[in-house]
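Student: Structure in structure tokens, see below.
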Amino acid sequence: MPVRERPPMIVRPRPTFLQLFFIMRGSVVPRILPQIFGFAIYSAVILALARWFELDLGVFNITPFGLVGVTLSIYLSFRNNAAYDRWWEARKLWGTWSSKSAIWPAQPPVLSLTAPSSAPC
């Protein structure tokens, strides 16, 4: 019996560390780029208005931003845990369903389409 040769393996060149930042295929960057540009323009307008009207924005403290950041991180962690719990529950249910459905062909039919020959009275 002749030995079948396997097709050659596809080998692609490895991207360099700098090229990894500019790979757009499969990246979330094209999806969020409009929001990034929008916030950049928004912050530039705020900075231009502050300089135009000679406003001192240095009097603001970073404490409210830190509190909002901590609150947001706790909220997102709870949401992430809830989503993971739902995923894990669905995984368990799917595993149970698939393992029980594997034995269906081996089980005898419960309902018969033909009438029984002698019905007990």
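Each chain in the structure tokens gets a letter, A, B, ..., in the order shown, and its residues are numbered from 1; ligands are numbered from 1 in order too.
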Please return as a PyMOL selection string: the residues of region 18-98 of chain A that backbone DSSP assigns to alpha helix (DSSP H).

Tutor: chain A and resi 18-20+29-52+63-98

Student: Separation of CA of Ala83 (chain A) and CA of Ser98 (chain A), in Å?

Tutor: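 That distance, rounded to one decimal, is 22.3 Å.
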
Student: Find the distance between CA of Ser73 (chain A) and CA of Ala44 (chain A) and write it in Å to one decimal.

Tutor: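 Answer for the CA of Ser73 (chain A) to CA of Ala44 (chain A) separation: 26.7 Å.
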
Student: What's the separation between CA of Arg12 (chain A) and CA of Met24 (chain A), in Å to one decimal place?

Tutor: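 Distance between the two atoms: 16.7 Å.
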